[in-house]
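Enquirer: Got a file for you: model_36.cif, mmCIF, C-alpha atoms.
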```
data_run
loop_
_atom_site.group_PDB
_atom_site.id
_atom_site.type_symbol
_atom_site.label_atom_id
_atom_site.label_comp_id
_atom_site.auth_asym_id
_atom_site.auth_seq_id
_atom_site.Cartn_x
_atom_site.Cartn_y
_atom_site.Cartn_z
ATOM 1 C CA MET V 1 10.440 -17.926 -12.891
ATOM 2 C CA SER V 2 8.301 -16.483 -10.103
ATOM 3 C CA LEU V 3 9.800 -16.387 -6.638
ATOM 4 C CA LEU V 4 8.155 -16.618 -3.225
ATOM 5 C CA ASN V 5 9.140 -13.074 -2.238
ATOM 6 C CA GLN V 6 7.238 -11.691 -5.259
ATOM 7 C CA ILE V 7 3.911 -12.177 -3.446
ATOM 8 C CA TYR V 8 4.976 -9.626 -0.822
ATOM 9 C CA PHE V 9 5.734 -5.904 -0.969
ATOM 10 C CA ILE V 10 8.376 -4.692 -3.366
ATOM 11 C CA GLU V 11 11.527 -3.344 -1.727
ATOM 12 C CA PRO V 12 10.785 0.215 -0.497
ATOM 13 C CA ALA V 13 12.601 3.034 -2.282
ATOM 14 C CA SER V 14 11.086 6.063 -0.528
ATOM 15 C CA PHE V 15 9.976 7.218 2.901
ATOM 16 C CA GLN V 16 6.331 6.812 1.875
ATOM 17 C CA MET V 17 6.777 3.176 0.915
ATOM 18 C CA GLU V 18 8.777 2.440 4.062
ATOM 19 C CA GLY V 19 5.924 3.877 6.117
ATOM 20 C CA ILE V 20 3.371 1.733 4.256
ATOM 21 C CA TYR V 21 5.530 -1.355 4.780
ATOM 22 C CA TYR V 22 5.954 -0.818 8.533
ATOM 23 C CA LEU V 23 2.262 0.018 8.983
ATOM 24 C CA HIS V 24 1.375 -3.270 7.299
ATOM 25 C CA GLU V 25 3.717 -5.151 9.648
ATOM 26 C CA HIS V 26 2.235 -3.270 12.615
ATOM 27 C CA ILE V 27 -1.367 -4.205 11.746
ATOM 28 C CA PHE V 28 -0.485 -7.735 10.626
ATOM 29 C CA GLY V 29 1.159 -8.518 13.984
ATOM 30 C CA LEU V 30 -1.869 -7.193 15.850
ATOM 31 C CA GLY V 31 -4.244 -9.176 13.635
ATOM 32 C CA PHE V 32 -2.226 -12.346 14.171
ATOM 33 C CA GLY V 33 -2.475 -11.901 17.949
ATOM 34 C CA ILE V 34 -6.256 -11.456 17.703
ATOM 35 C CA LEU V 35 -6.509 -14.560 15.514
ATOM 36 C CA CYS V 36 -4.572 -16.672 18.038
ATOM 37 C CA THR V 37 -6.784 -15.432 20.891
ATOM 38 C CA VAL V 38 -9.982 -16.265 19.005
ATOM 39 C CA LEU V 39 -8.687 -19.737 18.049
ATOM 40 C CA ILE V 40 -7.832 -20.492 21.687
ATOM 41 C CA LEU V 41 -11.352 -19.510 22.757
ATOM 42 C CA TYR V 42 -12.898 -21.616 19.977
ATOM 43 C CA ARG V 43 -10.755 -24.555 21.054
ATOM 44 C CA ARG V 44 -12.060 -24.272 24.606
ATOM 45 C CA VAL V 45 -15.678 -24.106 23.414
ATOM 46 C CA LEU V 46 -15.251 -27.104 21.095
ATOM 47 C CA LEU V 47 -13.550 -29.226 23.755
ATOM 48 C CA ARG V 48 -16.320 -28.429 26.195
ATOM 49 C CA ALA V 49 -18.968 -29.317 23.607
ATOM 50 C CA LEU V 50 -17.218 -32.621 22.876
ATOM 51 C CA GLY V 51 -17.137 -33.356 26.592
ATOM 52 C CA PHE V 52 -20.910 -32.878 26.845
ATOM 53 C CA LYS V 53 -21.372 -35.110 23.803
ATOM 54 C CA LEU V 54 -19.354 -37.902 25.384
ATOM 55 C CA LEU V 55 -21.321 -37.469 28.589
ATOM 56 C CA PHE V 56 -24.579 -37.736 26.639
ATOM 57 C CA ASN V 57 -23.408 -40.989 25.032
ATOM 58 C CA THR V 58 -22.441 -42.545 28.373
ATOM 59 C CA THR V 59 -25.392 -41.324 30.479
ATOM 60 C CA ASN V 60 -28.452 -43.568 30.639
ATOM 61 C CA ASN V 61 -30.591 -41.221 32.678
ATOM 62 C CA LEU V 62 -31.514 -38.155 30.611
ATOM 63 C CA ASN V 63 -32.622 -36.214 33.708
ATOM 64 C CA ASN V 64 -29.129 -36.519 35.244
ATOM 65 C CA LEU V 65 -27.639 -35.150 32.033
ATOM 66 C CA PHE V 66 -29.963 -32.106 32.032
ATOM 67 C CA PHE V 67 -29.060 -31.419 35.680
ATOM 68 C CA PHE V 68 -25.321 -31.599 34.903
ATOM 69 C CA VAL V 69 -25.589 -29.266 31.922
ATOM 70 C CA GLU V 70 -27.685 -26.790 33.873
ATOM 71 C CA GLN V 71 -25.132 -26.635 36.684
ATOM 72 C CA ASN V 72 -22.114 -26.245 34.390
ATOM 73 C CA VAL V 73 -23.394 -24.185 31.481
ATOM 74 C CA VAL V 74 -26.031 -22.005 33.109
ATOM 75 C CA ASN V 75 -24.079 -20.844 36.129
ATOM 76 C CA LYS V 76 -26.538 -18.943 38.255
ATOM 77 C CA ASN V 77 -23.939 -17.986 40.851
ATOM 78 C CA VAL V 78 -22.132 -15.464 38.591
ATOM 79 C CA LEU V 79 -22.195 -12.016 40.197
ATOM 80 C CA LYS V 80 -23.780 -9.098 38.389
ATOM 81 C CA THR V 81 -20.561 -7.108 38.798
ATOM 82 C CA THR V 82 -18.671 -9.854 36.955
ATOM 83 C CA LYS V 83 -21.088 -9.664 34.028
ATOM 84 C CA LYS V 84 -20.824 -5.880 34.019
ATOM 85 C CA ASN V 85 -17.018 -5.965 33.977
ATOM 86 C CA LEU V 86 -17.090 -8.502 31.155
ATOM 87 C CA GLU V 87 -19.325 -6.279 29.021
ATOM 88 C CA ILE V 88 -17.111 -3.257 29.709
ATOM 89 C CA SER V 89 -13.954 -5.169 28.807
ATOM 90 C CA TRP V 90 -15.221 -6.481 25.463
ATOM 91 C CA THR V 91 -16.272 -2.930 24.579
ATOM 92 C CA ILE V 92 -13.138 -1.109 25.748
ATOM 93 C CA ILE V 93 -10.549 -3.565 24.388
ATOM 94 C CA PRO V 94 -11.713 -3.286 20.714
ATOM 95 C CA ALA V 95 -11.754 0.504 21.095
ATOM 96 C CA PHE V 96 -8.124 0.462 22.246
ATOM 97 C CA ILE V 97 -7.233 -1.845 19.339
ATOM 98 C CA LEU V 98 -8.790 0.598 16.849
ATOM 99 C CA ALA V 99 -6.912 3.505 18.445
ATOM 100 C CA TYR V 100 -3.702 1.453 18.280
ATOM 101 C CA ILE V 101 -4.254 1.064 14.521
ATOM 102 C CA ALA V 102 -5.562 4.585 13.840
ATOM 103 C CA GLY V 103 -2.604 6.418 15.397
ATOM 104 C CA PRO V 104 0.119 5.207 12.986
ATOM 105 C CA SER V 105 -2.371 5.230 10.086
ATOM 106 C CA PHE V 106 -3.228 8.928 10.447
ATOM 107 C CA ALA V 107 0.419 9.828 11.051
ATOM 108 C CA LEU V 108 1.422 8.103 7.796
ATOM 109 C CA LEU V 109 -1.513 9.603 5.880
ATOM 110 C CA TYR V 110 -0.699 13.183 6.873
ATOM 111 C CA SER V 111 3.038 12.701 6.309
ATOM 112 C CA MET V 112 2.377 11.462 2.755
ATOM 113 C CA ASP V 113 0.275 14.578 2.018
ATOM 114 C CA GLU V 114 2.844 16.974 3.451
ATOM 115 C CA ILE V 115 4.246 19.390 0.873
ATOM 116 C CA LEU V 116 7.801 20.644 1.331
ATOM 117 C CA PRO V 117 8.490 24.341 0.626
ATOM 118 C CA GLU V 118 11.553 23.557 -1.495
ATOM 119 C CA SER V 119 12.123 20.927 -4.167
ATOM 120 C CA PHE V 120 14.904 20.062 -6.589
ATOM 121 C CA PHE V 121 12.610 20.650 -9.581
ATOM 122 C CA THR V 122 8.972 20.311 -10.568
ATOM 123 C CA LEU V 123 7.622 17.626 -12.871
ATOM 124 C CA ILE V 124 4.194 18.010 -14.466
ATOM 125 C CA ILE V 125 2.574 14.700 -15.410
ATOM 126 C CA GLN V 126 -0.318 14.683 -17.880
ATOM 127 C CA GLY V 127 -2.218 11.490 -18.605
ATOM 128 C CA ALA V 128 -3.617 10.889 -22.069
ATOM 129 C CA GLN V 129 -5.075 7.982 -24.010
ATOM 130 C CA TRP V 130 -2.810 6.063 -23.875
ATOM 131 C CA TYR V 131 0.535 7.610 -22.984
ATOM 132 C CA TRP V 132 2.065 10.087 -20.529
ATOM 133 C CA ASN V 133 3.274 13.651 -21.112
ATOM 134 C CA TYR V 134 6.051 14.933 -18.851
ATOM 135 C CA GLU V 135 7.222 18.521 -18.427
ATOM 136 C CA TYR V 136 10.319 19.331 -16.372
ATOM 137 C CA PHE V 137 10.626 22.803 -14.872
ATOM 138 C CA PHE V 138 14.233 23.263 -13.819
ATOM 139 C CA ASN V 139 16.138 26.557 -13.367
ATOM 140 C CA PHE V 140 13.617 28.462 -15.509
ATOM 141 C CA ASN V 141 14.003 25.836 -18.246
ATOM 142 C CA LYS V 142 11.124 23.755 -19.547
ATOM 143 C CA ILE V 143 11.612 20.284 -21.010
ATOM 144 C CA GLY V 144 8.641 18.420 -22.466
ATOM 145 C CA VAL V 145 8.547 14.781 -23.591
ATOM 146 C CA SER V 146 5.913 12.161 -24.356
ATOM 147 C CA SER V 147 6.358 8.654 -22.998
ATOM 148 C CA TYR V 148 5.030 5.693 -24.971
ATOM 149 C CA MET V 149 5.366 2.001 -24.285
ATOM 150 C CA VAL V 150 8.034 0.262 -26.375
ATOM 151 C CA ASN V 151 6.413 -2.194 -28.775
ATOM 152 C CA GLU V 152 7.190 -5.831 -28.163
ATOM 153 C CA LEU V 153 8.812 -6.101 -31.596
ATOM 154 C CA ASP V 154 11.141 -3.164 -30.830
ATOM 155 C CA LEU V 155 12.423 -4.361 -27.468
ATOM 156 C CA GLU V 156 16.181 -4.355 -27.004
ATOM 157 C CA LEU V 157 18.311 -6.500 -24.741
ATOM 158 C CA GLY V 158 17.627 -5.625 -21.095
ATOM 159 C CA GLN V 159 14.247 -3.993 -21.704
ATOM 160 C CA PHE V 160 11.100 -5.342 -20.100
ATOM 161 C CA ARG V 161 7.935 -6.244 -21.961
ATOM 162 C CA LEU V 162 4.966 -3.954 -21.177
ATOM 163 C CA LEU V 163 7.140 -1.838 -18.841
ATOM 164 C CA SER V 164 9.829 -0.184 -20.967
ATOM 165 C CA VAL V 165 9.123 3.235 -22.492
ATOM 166 C CA ASN V 166 10.835 5.414 -25.083
ATOM 167 C CA ASN V 167 11.210 8.414 -22.726
ATOM 168 C CA PRO V 168 11.636 7.467 -19.062
ATOM 169 C CA ILE V 169 11.554 9.919 -16.164
ATOM 170 C CA PHE V 170 14.790 11.010 -14.479
ATOM 171 C CA LEU V 171 14.623 11.871 -10.773
ATOM 172 C CA PRO V 172 17.347 12.830 -8.274
ATOM 173 C CA ARG V 173 18.225 10.561 -5.381
ATOM 174 C CA ASP V 174 17.827 11.840 -1.778
ATOM 175 C CA LEU V 175 16.297 15.135 -2.957
ATOM 176 C CA PRO V 176 12.581 16.025 -3.001
ATOM 177 C CA THR V 177 10.829 16.441 -6.327
ATOM 178 C CA ARG V 178 7.405 18.007 -6.706
ATOM 179 C CA LEU V 179 4.996 16.100 -8.943
ATOM 180 C CA LEU V 180 1.904 17.802 -10.386
ATOM 181 C CA VAL V 181 -0.491 15.269 -11.880
ATOM 182 C CA THR V 182 -3.435 15.971 -14.189
ATOM 183 C CA SER V 183 -5.163 14.504 -17.238
ATOM 184 C CA ASN V 184 -5.970 15.664 -20.757
ATOM 185 C CA ASP V 185 -8.995 13.472 -21.411
ATOM 186 C CA VAL V 186 -10.260 10.811 -18.965
ATOM 187 C CA LEU V 187 -9.385 9.612 -15.479
ATOM 188 C CA HIS V 188 -5.920 8.079 -15.089
ATOM 189 C CA SER V 189 -3.823 7.149 -12.078
ATOM 190 C CA TRP V 190 -0.038 7.530 -11.899
ATOM 191 C CA ALA V 191 1.193 4.702 -9.660
ATOM 192 C CA VAL V 192 4.730 3.526 -8.818
ATOM 193 C CA PRO V 193 4.679 0.819 -6.088
ATOM 194 C CA ALA V 194 8.380 1.023 -5.158
ATOM 195 C CA LEU V 195 7.986 4.717 -4.306
ATOM 196 C CA GLY V 196 4.635 4.279 -2.553
ATOM 197 C CA ILE V 197 2.914 6.710 -4.930
ATOM 198 C CA LYS V 198 -0.554 6.487 -6.441
ATOM 199 C CA VAL V 199 -1.949 9.828 -7.615
ATOM 200 C CA ASP V 200 -5.177 10.228 -9.563
ATOM 201 C CA ALA V 201 -4.961 12.196 -12.805
ATOM 202 C CA VAL V 202 -8.259 14.071 -13.079
ATOM 203 C CA PRO V 203 -9.161 16.369 -16.013
ATOM 204 C CA GLY V 204 -9.267 20.000 -14.894
ATOM 205 C CA ARG V 205 -7.674 19.236 -11.518
ATOM 206 C CA LEU V 206 -4.039 19.432 -10.415
ATOM 207 C CA ASN V 207 -2.951 16.922 -7.729
ATOM 208 C CA GLN V 208 0.362 17.448 -5.983
ATOM 209 C CA VAL V 209 2.733 15.033 -4.266
ATOM 210 C CA ILE V 210 6.357 15.063 -3.139
ATOM 211 C CA VAL V 211 8.634 12.125 -3.912
ATOM 212 C CA GLN V 212 12.116 11.589 -2.509
ATOM 213 C CA PRO V 213 13.798 8.343 -3.649
ATOM 214 C CA LEU V 214 16.250 6.851 -1.166
ATOM 215 C CA ARG V 215 18.366 4.842 -3.589
ATOM 216 C CA SER V 216 19.431 4.820 -7.200
ATOM 217 C CA GLY V 217 17.819 2.400 -9.583
ATOM 218 C CA VAL V 218 15.066 1.858 -12.114
ATOM 219 C CA PHE V 219 11.488 1.798 -10.880
ATOM 220 C CA PHE V 220 8.412 0.783 -12.838
ATOM 221 C CA GLY V 221 4.732 1.563 -12.540
ATOM 222 C CA GLN V 222 1.548 1.616 -14.573
ATOM 223 C CA CYS V 223 -1.723 3.443 -14.897
ATOM 224 C CA SER V 224 -3.972 2.013 -12.186
ATOM 225 C CA GLU V 225 -7.290 3.517 -13.270
ATOM 226 C CA ILE V 226 -9.267 1.877 -16.061
ATOM 227 C CA CYS V 227 -9.084 4.491 -18.814
ATOM 228 C CA GLY V 228 -10.086 2.709 -22.007
ATOM 229 C CA ALA V 229 -9.102 -0.067 -24.381
ATOM 230 C CA ASN V 230 -5.330 0.360 -23.981
ATOM 231 C CA HIS V 231 -5.339 0.972 -20.236
ATOM 232 C CA GLY V 232 -2.846 -1.862 -19.703
ATOM 233 C CA PHE V 233 -0.311 -0.263 -22.067
ATOM 234 C CA MET V 234 0.544 2.903 -20.130
ATOM 235 C CA PRO V 235 3.717 1.943 -18.251
ATOM 236 C CA ILE V 236 5.839 4.282 -16.153
ATOM 237 C CA SER V 237 9.616 4.026 -16.062
ATOM 238 C CA ILE V 238 11.724 6.064 -13.620
ATOM 239 C CA TYR V 239 15.513 6.300 -13.576
ATOM 240 C CA CYS V 240 16.747 7.540 -10.207
ATOM 241 C CA LEU V 241 20.250 9.028 -10.417
ATOM 242 C CA ASP V 242 22.685 10.856 -8.217
ATOM 243 C CA PRO V 243 21.885 14.612 -8.390
ATOM 244 C CA ILE V 244 25.286 15.442 -9.898
ATOM 245 C CA GLU V 245 24.870 12.727 -12.533
ATOM 246 C CA LEU V 246 21.371 13.986 -13.265
ATOM 247 C CA LEU V 247 22.594 17.549 -13.792
ATOM 248 C CA SER V 248 25.352 16.285 -16.075
ATOM 249 C CA TYR V 249 22.810 14.292 -18.078
ATOM 250 C CA PHE V 250 20.495 17.295 -18.518
ATOM 251 C CA ASN V 251 23.406 19.561 -19.505
ATOM 252 C CA GLU V 252 24.753 17.086 -22.062
ATOM 253 C CA THR V 253 21.518 15.869 -23.635
ATOM 254 C CA VAL V 254 18.939 18.613 -23.233
ATOM 255 C CA PHE V 255 20.366 22.026 -22.401
ATOM 256 C CA SER V 256 23.126 21.665 -25.015
ATOM 257 C CA GLU V 257 20.568 21.426 -27.831
#
```
Represent the structure of the file as structure tokens.
Expert:
Amino acid sequence: MSLLNQIYFIEPASFQMEGIYYLHEHIFGLGFGILCTVLILYRRVLLRALGFKLLFNTTNNLNNLFFFVEQNVVNKNVLKTTKKNLEISWTIIPAFILAYIAGPSFALLYSMDEILPESFFTLIIQGAQWYWNYEYFFNFNKIGVSSYMVNELDLELGQFRLLSVNNPIFLPRDLPTRLLVTSNDVLHSWAVPALGIKVDAVPGRLNQVIVQPLRSGVFFGQCSEICGANHGFMPISIYCLDPIELLSYFNETVFSE
């Protein structure tokens, strides 16, 4: 059953997603204030228009009505300095609003593109039609796997339809991991909403991003670039573990072979 909180952002699991969440709240609050201001002004205009309409219905002499409207609507006694200040204010205030939005936006944008000099390990992600290839580079060891979606007929208890894969990714918690994303054939996009990551996989180009999960758990994503007939069947599954548990897993399952 769908819940009300499912229409909002997923719970953040990285610094990038936390920044996106707070920026949304920042802009939403500002937009709500602008909306309230505009509605108040519209209310005043509508009430004034209704007042003139009632006056028109109750006035027998049309000339008296024109005189009243001219004195109240076309106010000839307004000073030129007042008009000048009004024009300056409705130019300056929107500029300040845009600067108020642009400051946090650029700060978040540059922080998301920042590359740390050190990382726990490097993960190369290669998009293909229609699966993902992953290569771990860890302590001069290379581990390569291909990740396919689990068929609906092969699902086990606890697995999710269209999201579970045969070879998920394993990432350390609270430690940075370098992701290098590319493609073998057509355009793909490696996107995980909980981590605030969406990186284009372009043939012949290597895109880089740093991810640092803040909590353990299982995070899902999908290819978010239309890449062919089976575009909707390229899920991403990430298991975030404690670094010590992750090392134990690699030693027991991979390095021991």
Enquirer: Evaluate the PyMOL selection byres ((chain V and resi 109) around 12) against this structure - the residues, as a PyMOL selection string, please.
Expert: chain V and resi 16-17+19-20+23+102-108+110-114+196
Enquirer: Quick one: everything within 12 Å of V:Ser14, counting only C-alpha atoms, minus sequence neighbours fewer than 5 positions away in the same chain. Send it as a VMD selection string.
Expert: chain V and resid 19 to 21 112 173 to 177 192 to 197 210 to 217 219 240
Enquirer: Using Å and a single decimal, report how far atom CA of V:Ala128 sits from atom CA of V:Ile169.
Expert: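 Pair atom CA of V:Ile169 / atom CA of V:Ala128 returns 16.3 Å.
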Enquirer: Please define a box with edges along x, y and z of the file around all atoms of stretch 171-180 of chain V given in the file, extend it by 5 Å on each side, and return its centre and edge lengths in Å to one decimal, as lines of an AutoDock Vina configuration file.
Expert:
```
center_x = 10.1
center_y = 14.3
center_z = -6.3
size_x = 26.3
size_y = 17.4
size_z = 19.0
```
Enquirer: So which residues fall inside 10 Å of (-6.1, 18.5, -24.3) if we count all atoms listed in the file? Mind giving them as a PDB file with C-alpha atoms, in the coordinates of the input?
Expert:
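Result file point_6.pdb:
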```pdb
ATOM      1  CA  GLN V 126      -0.318  14.683 -17.880  1.00  0.00           C
ATOM      2  CA  GLY V 127      -2.218  11.490 -18.605  1.00  0.00           C
ATOM      3  CA  ALA V 128      -3.617  10.889 -22.069  1.00  0.00           C
ATOM      4  CA  SER V 183      -5.163  14.504 -17.238  1.00  0.00           C
ATOM      5  CA  ASN V 184      -5.970  15.664 -20.757  1.00  0.00           C
ATOM      6  CA  ASP V 185      -8.995  13.472 -21.411  1.00  0.00           C
ATOM      7  CA  PRO V 203      -9.161  16.369 -16.013  1.00  0.00           C
TER       8      PRO V 203
END
```
Enquirer: Identify, on the basis of only C-alpha atoms, every residue whose closest approach to V:Val218 does not exceed 8 Å; exclude the query and any residue fewer than 5 positions from it along the same chain; express the result as a PDB file with C-alpha atoms, in the coordinates of the input.
Expert:
```pdb
ATOM      1  CA  SER V 237       9.616   4.026 -16.062  1.00  0.00           C
ATOM      2  CA  ILE V 238      11.724   6.064 -13.620  1.00  0.00           C
ATOM      3  CA  TYR V 239      15.513   6.300 -13.576  1.00  0.00           C
ATOM      4  CA  CYS V 240      16.747   7.540 -10.207  1.00  0.00           C
TER       5      CYS V 240
END
```
Enquirer: Quick one: pull the distance between atom CA of V:Leu163 and atom CA of V:Arg205, Å, one decimal.
Expert: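 So the two atoms, atom CA of V:Leu163 and atom CA of V:Arg205, lie 26.8 Å apart.
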Enquirer: Counting all atoms listed in the file, which of V:Arg161, V:Lys83, V:Arg178, V:Arg44 gets nearest to V:Leu123?
Expert: V:Arg178
Enquirer: Applying 7 Å and only C-alpha atoms, which residues near V:Gln208 remain after dropping the ones on its own chain fewer than 2 positions away? List them as a PyMOL selection string.
Expert: chain V and resi 179-181+206
Enquirer: I'd like the interatomic distance between atom CA of V:Gly31 and atom CA of V:Ser224, to a tenth of an Å.
Expert: 28.1 Å
Enquirer: Go through V:Ser189, V:Ser147, V:Ser164, V:Gln159 one by one, measure the shortest atom-to-atom distance of each to V:Asn133 using all atoms listed in the file, and give the residue with the smallest value.
Expert: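 Going through V:Ser189, V:Ser147, V:Ser164, V:Gln159 one by one, the smallest distance to V:Asn133 is for V:Ser147.
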Enquirer: For a quick check of understanding, using all atoms listed in the file, which of V:Tyr249, V:Tyr100, V:Tyr131, V:Phe170 has the smallest distance to V:Cys227?
Expert: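 Among the listed residues, V:Tyr131 lies closest to V:Cys227.
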Enquirer: Hey, what's within 7 Å of V:Ser146 if we count only C-alpha atoms and toss same-chain stuff fewer than 4 positions away? As a ChimeraX atom specification, please?
Expert: /V:132-134,167
Enquirer: Tell me which of V:Met234, V:Ile27, V:Val202, V:Leu241 sits closest to V:Gln222, counting only C-alpha atoms.
Expert: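 Counting only C-alpha atoms, the residue closest to V:Gln222 is V:Met234.
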Enquirer: Which residue, V:Val199, V:Ala191, V:Val186, V:Ile88, has the smallest gap to V:Ile236 when you use all atoms listed in the file?
Expert: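 Checking each candidate against V:Ile236, we get V:Ala191 as the closest.
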Enquirer: Could you tell me which of V:Asn141, V:Asn85, V:Ser248, V:Gln129 comes closest to V:Gly228 if we count all atoms listed in the file?
Expert: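 Using all atoms listed in the file, the shortest distance to V:Gly228 belongs to V:Gln129.
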